[in-house]
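A.B. asks: One file: target-v2.pdb (PDB, C-alpha atoms, pLDDT in the B column).
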```
MODEL        1
ATOM      1  CA  MET L 217       0.966  -6.870  18.161  1.00 58.00           C
ATOM      2  CA  SER L 218       3.756  -8.044  15.875  1.00 63.00           C
ATOM      3  CA  SER L 219       1.561 -10.904  14.665  1.00 65.00           C
ATOM      4  CA  LEU L 220      -1.170  -8.576  13.354  1.00 65.00           C
ATOM      5  CA  ASP L 221      -1.563  -8.970   9.617  1.00 67.00           C
ATOM      6  CA  PRO L 222      -3.613  -6.427   7.638  1.00 63.00           C
ATOM      7  CA  ALA L 223      -3.765  -8.961   4.788  1.00 67.00           C
ATOM      8  CA  ASP L 224      -5.896 -11.160   7.068  1.00 69.00           C
ATOM      9  CA  CYS L 225      -8.621  -8.567   7.663  1.00 69.00           C
ATOM     10  CA  ASP L 226     -12.277  -8.716   6.690  1.00 69.00           C
ATOM     11  CA  ARG L 227     -12.555  -8.312   2.953  1.00 71.00           C
ATOM     12  CA  THR L 228     -14.762  -9.029  -0.035  1.00 73.00           C
ATOM     13  CA  GLY L 229     -13.861 -12.064  -2.109  1.00 78.00           C
ATOM     14  CA  LEU L 230     -13.846 -12.198  -5.878  1.00 85.00           C
ATOM     15  CA  ASP L 231     -17.375 -13.620  -5.800  1.00 88.00           C
ATOM     16  CA  GLY L 232     -18.619 -10.642  -3.758  1.00 83.00           C
ATOM     17  CA  ARG L 233     -18.947 -12.569  -0.489  1.00 83.00           C
ATOM     18  CA  LEU L 234     -17.561 -11.246   2.763  1.00 73.00           C
ATOM     19  CA  ILE L 235     -14.494 -13.104   4.004  1.00 74.00           C
ATOM     20  CA  GLY L 236     -14.041 -12.724   7.742  1.00 71.00           C
ATOM     21  CA  GLY L 237     -10.436 -12.174   8.709  1.00 69.00           C
ATOM     22  CA  THR L 238      -8.748 -12.200  12.068  1.00 69.00           C
ATOM     23  CA  GLY L 239      -6.080  -9.590  11.471  1.00 66.00           C
ATOM     24  CA  GLY L 240      -3.470 -12.161  12.464  1.00 68.00           C
ATOM     25  CA  VAL L 241      -4.866 -12.677  15.972  1.00 73.00           C
ATOM     26  CA  ASP L 242      -5.260 -16.314  16.866  1.00 73.00           C
ATOM     27  CA  ALA L 243      -8.719 -17.641  17.613  1.00 74.00           C
ATOM     28  CA  GLY L 244      -7.751 -18.606  21.174  1.00 79.00           C
ATOM     29  CA  THR L 245      -6.887 -15.040  22.150  1.00 76.00           C
ATOM     30  CA  MET L 246     -10.052 -13.582  20.675  1.00 76.00           C
ATOM     31  CA  SER L 247     -12.085 -16.353  22.294  1.00 81.00           C
ATOM     32  CA  ILE L 248     -10.703 -15.493  25.724  1.00 80.00           C
ATOM     33  CA  LEU L 249     -11.481 -11.812  25.230  1.00 78.00           C
ATOM     34  CA  SER L 250     -14.983 -12.489  23.932  1.00 80.00           C
ATOM     35  CA  VAL L 251     -15.935 -14.770  26.837  1.00 84.00           C
ATOM     36  CA  VAL L 252     -15.204 -12.134  29.506  1.00 83.00           C
ATOM     37  CA  PRO L 253     -18.701 -10.557  29.371  1.00 81.00           C
ATOM     38  CA  CYS L 254     -20.284 -13.995  29.770  1.00 83.00           C
ATOM     39  CA  VAL L 255     -18.348 -15.067  32.853  1.00 86.00           C
ATOM     40  CA  LEU L 256     -18.176 -11.803  34.791  1.00 83.00           C
ATOM     41  CA  SER L 257     -21.427 -12.536  36.614  1.00 81.00           C
ATOM     42  CA  GLU L 258     -19.744 -15.633  38.056  1.00 87.00           C
ATOM     43  CA  ALA L 259     -16.855 -13.581  39.482  1.00 86.00           C
ATOM     44  CA  VAL L 260     -18.675 -12.825  42.739  1.00 88.00           C
ATOM     45  CA  TRP L 261     -15.419 -11.888  44.487  1.00 88.00           C
ATOM     46  CA  LEU L 262     -15.220  -8.771  42.295  1.00 86.00           C
ATOM     47  CA  THR L 263     -17.223  -5.685  43.084  1.00 87.00           C
ATOM     48  CA  PRO L 264     -19.605  -4.429  40.381  1.00 87.00           C
ATOM     49  CA  ASP L 265     -17.179  -1.567  39.715  1.00 85.00           C
ATOM     50  CA  GLN L 266     -14.311  -4.012  39.179  1.00 84.00           C
ATOM     51  CA  GLN L 267     -16.473  -6.131  36.881  1.00 86.00           C
ATOM     52  CA  VAL L 268     -17.293  -3.093  34.740  1.00 85.00           C
ATOM     53  CA  ARG L 269     -13.625  -2.128  34.556  1.00 84.00           C
ATOM     54  CA  LEU L 270     -12.603  -5.665  33.571  1.00 84.00           C
ATOM     55  CA  LEU L 271     -15.272  -5.646  30.876  1.00 86.00           C
ATOM     56  CA  ALA L 272     -13.944  -2.320  29.604  1.00 84.00           C
ATOM     57  CA  VAL L 273     -10.380  -3.672  29.501  1.00 84.00           C
ATOM     58  CA  ALA L 274     -11.406  -6.732  27.463  1.00 84.00           C
ATOM     59  CA  CYS L 275     -13.416  -4.588  25.040  1.00 84.00           C
ATOM     60  CA  VAL L 276     -10.675  -1.993  24.605  1.00 84.00           C
ATOM     61  CA  ILE L 277      -7.994  -4.622  23.996  1.00 82.00           C
ATOM     62  CA  SER L 278     -10.205  -6.334  21.402  1.00 80.00           C
ATOM     63  CA  GLY L 279     -10.854  -2.957  19.805  1.00 82.00           C
ATOM     64  CA  ILE L 280      -7.171  -2.050  19.652  1.00 81.00           C
ATOM     65  CA  VAL L 281      -6.350  -5.346  17.973  1.00 77.00           C
ATOM     66  CA  ARG L 282      -9.096  -4.884  15.360  1.00 76.00           C
ATOM     67  CA  LEU L 283      -8.171  -1.238  14.762  1.00 79.00           C
ATOM     68  CA  LEU L 284      -4.485  -1.941  14.229  1.00 75.00           C
ATOM     69  CA  ALA L 285      -5.198  -4.924  12.024  1.00 71.00           C
ATOM     70  CA  ASP L 286      -8.010  -3.413   9.972  1.00 71.00           C
ATOM     71  CA  ASP L 287      -7.426   0.330   9.869  1.00 75.00           C
ATOM     72  CA  PRO L 288      -4.001   1.498  11.070  1.00 73.00           C
ATOM     73  CA  GLY L 289      -4.328   4.685   9.023  1.00 78.00           C
ATOM     74  CA  THR L 290      -7.241   5.886  11.139  1.00 78.00           C
ATOM     75  CA  ASP L 291      -5.188   5.320  14.256  1.00 73.00           C
ATOM     76  CA  ILE L 292      -2.322   7.349  12.848  1.00 75.00           C
ATOM     77  CA  LEU L 293      -4.583  10.229  11.827  1.00 83.00           C
ATOM     78  CA  HIS L 294      -6.683  10.344  15.002  1.00 84.00           C
ATOM     79  CA  SER L 295      -4.464   8.767  17.718  1.00 84.00           C
ATOM     80  CA  LEU L 296      -7.227   6.313  18.567  1.00 83.00           C
ATOM     81  CA  VAL L 297      -4.950   3.724  20.198  1.00 83.00           C
ATOM     82  CA  THR L 298      -3.462   6.429  22.405  1.00 85.00           C
ATOM     83  CA  ARG L 299      -6.950   7.433  23.507  1.00 84.00           C
ATOM     84  CA  MET L 300      -7.924   3.797  24.052  1.00 85.00           C
ATOM     85  CA  CYS L 301      -4.797   3.275  26.165  1.00 84.00           C
ATOM     86  CA  THR L 302      -5.896   6.163  28.375  1.00 85.00           C
ATOM     87  CA  THR L 303      -9.034   4.141  29.140  1.00 81.00           C
ATOM     88  CA  LEU L 304      -6.863   1.108  29.918  1.00 81.00           C
ATOM     89  CA  ASP L 305      -4.692   3.189  32.252  1.00 83.00           C
ATOM     90  CA  HIS L 306      -7.755   4.413  34.130  1.00 78.00           C
ATOM     91  CA  CYS L 307      -9.213   0.912  34.449  1.00 75.00           C
ATOM     92  CA  GLY L 308      -5.917  -0.633  35.447  1.00 72.00           C
ATOM     93  CA  ALA L 309      -5.209   2.010  38.081  1.00 72.00           C
ATOM     94  CA  THR L 310      -8.365   1.155  39.988  1.00 64.00           C
ATOM     95  CA  LEU L 311      -9.090  -2.468  39.057  1.00 60.00           C
ATOM     96  CA  GLY L 312      -6.935  -3.874  41.825  1.00 56.00           C
ATOM     97  CA  HIS L 313      -8.557  -1.753  44.549  1.00 55.00           C
ATOM     98  CA  ARG L 314     -11.562  -3.438  46.110  1.00 48.00           C
ATOM     99  CA  SER L 315     -14.378  -1.348  47.485  1.00 45.00           C
ATOM    100  CA  ARG L 316     -14.915  -1.781  51.193  1.00 40.00           C
TER
ENDMDL
END
```
Will you turn the file into structure tokens for me?

C.D. replies:
Amino acid sequence: MSSLDPADCDRTGLDGRLIGGTGGVDAGTMSILSVVPCVLSEAVWLTPDQQVRLLAVACVISGIVRLLADDPGTDILHSLVTRMCTTLDHCGATLGHRSR
């Protein structure tokens, strides 16, 4: 999280065009997180419940990164990261348990 950079967020350039930022997150990390939904169907050793939880974890982590990079004020006012971490806790508590 220390590498997040609000100066590298999505913004409008002087010419009015949208400039896509990364918030300081390297492309490799975001690529790994974004590929999770595409490869979950290949993870046949995971139960459907575990696949859904893994998908939720990848989405929440991506969301936390974008929120902290793009709009930390909203997080402070509404405790959004805290609420998102509650979702992570729930997913993590049951992700390792396989259904029998």

A.B. asks: Using all atoms listed in the file, which residues sit within 7 Å of Arg227 in chain L once same-chain residues fewer than 4 positions away are excluded, as a PyMOL selection string?

C.D. replies: chain L and resi 234-236

A.B. asks: Excluding same-chain residues fewer than 2 positions from Val297 in chain L, what lies within 10 Å of it counting only C-alpha atoms, as a PDB file with C-alpha atoms, in the frame of the given file?

C.D. replies:
```
ATOM      1  CA  VAL L 276     -10.675  -1.993  24.605  1.00 84.00           C
ATOM      2  CA  ILE L 277      -7.994  -4.622  23.996  1.00 82.00           C
ATOM      3  CA  GLY L 279     -10.854  -2.957  19.805  1.00 82.00           C
ATOM      4  CA  ILE L 280      -7.171  -2.050  19.652  1.00 81.00           C
ATOM      5  CA  VAL L 281      -6.350  -5.346  17.973  1.00 77.00           C
ATOM      6  CA  LEU L 283      -8.171  -1.238  14.762  1.00 79.00           C
ATOM      7  CA  LEU L 284      -4.485  -1.941  14.229  1.00 75.00           C
ATOM      8  CA  PRO L 288      -4.001   1.498  11.070  1.00 73.00           C
ATOM      9  CA  THR L 290      -7.241   5.886  11.139  1.00 78.00           C
ATOM     10  CA  ASP L 291      -5.188   5.320  14.256  1.00 73.00           C
ATOM     11  CA  ILE L 292      -2.322   7.349  12.848  1.00 75.00           C
ATOM     12  CA  HIS L 294      -6.683  10.344  15.002  1.00 84.00           C
ATOM     13  CA  SER L 295      -4.464   8.767  17.718  1.00 84.00           C
ATOM     14  CA  ARG L 299      -6.950   7.433  23.507  1.00 84.00           C
ATOM     15  CA  MET L 300      -7.924   3.797  24.052  1.00 85.00           C
ATOM     16  CA  CYS L 301      -4.797   3.275  26.165  1.00 84.00           C
ATOM     17  CA  THR L 302      -5.896   6.163  28.375  1.00 85.00           C
ATOM     18  CA  THR L 303      -9.034   4.141  29.140  1.00 81.00           C
TER      19      THR L 303
END
```

A.B. asks: Considering only C-alpha atoms, can you say which of L:Arg282, L:Leu296, L:Thr228, L:Cys307 comes closest to Val268 in chain L?

C.D. replies: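 Using only C-alpha atoms, Val268 in chain L sits closest to L:Cys307.
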
A.B. asks: Which residues are close to Cys254 in chain L, i.e. within 12 Å by all atoms listed in the file, leaving aside same-chain residues fewer than 6 positions away? Reply as a PyMOL selection string.

C.D. replies: chain L and resi 247-248+267+270-271+274

A.B. asks: I need the residues from that last selection saved to file as an mmCIF file, keeping the file's coordinate frame (with C-alpha atoms), if you can.

C.D. replies:
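Generated output (out29.cif):
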```
data_model
loop_
_atom_site.group_PDB
_atom_site.id
_atom_site.type_symbol
_atom_site.label_atom_id
_atom_site.label_comp_id
_atom_site.auth_asym_id
_atom_site.auth_seq_id
_atom_site.Cartn_x
_atom_site.Cartn_y
_atom_site.Cartn_z
ATOM 1 C CA SER L 247 -12.085 -16.353 22.294
ATOM 2 C CA ILE L 248 -10.703 -15.493 25.724
ATOM 3 C CA GLN L 267 -16.473 -6.131 36.881
ATOM 4 C CA LEU L 270 -12.603 -5.665 33.571
ATOM 5 C CA LEU L 271 -15.272 -5.646 30.876
ATOM 6 C CA ALA L 274 -11.406 -6.732 27.463
#
```

A.B. asks: At what distance in Å, to one decimal, does CA of Gly244 in chain L lie from CA of Val260 in chain L?

C.D. replies: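 CA of Val260 in chain L sits 24.9 Å away from CA of Gly244 in chain L.
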
A.B. asks: In Å to one decimal, how far is CA of Gly229 in chain L from CA of Val251 in chain L?

C.D. replies: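 Atom-to-atom, CA of Val251 in chain L to CA of Gly229 in chain L, that is 29.1 Å.
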
A.B. asks: Quick one: 6 Å padding each side, axis-aligned, all listed atoms of range 255-270 of chain L - centre and edge lengths in Å to one decimal, as AutoDock Vina command-line options?

C.D. replies:
```
--center_x -17.0 --center_y -8.6 --center_z 38.7 --size_x 20.8 --size_y 26.1 --size_z 23.6
```

A.B. asks: Could you jot down the CA of Ala309 in chain L to CA of Val241 in chain L separation for me, Å, one decimal place?

C.D. replies: 26.5 Å
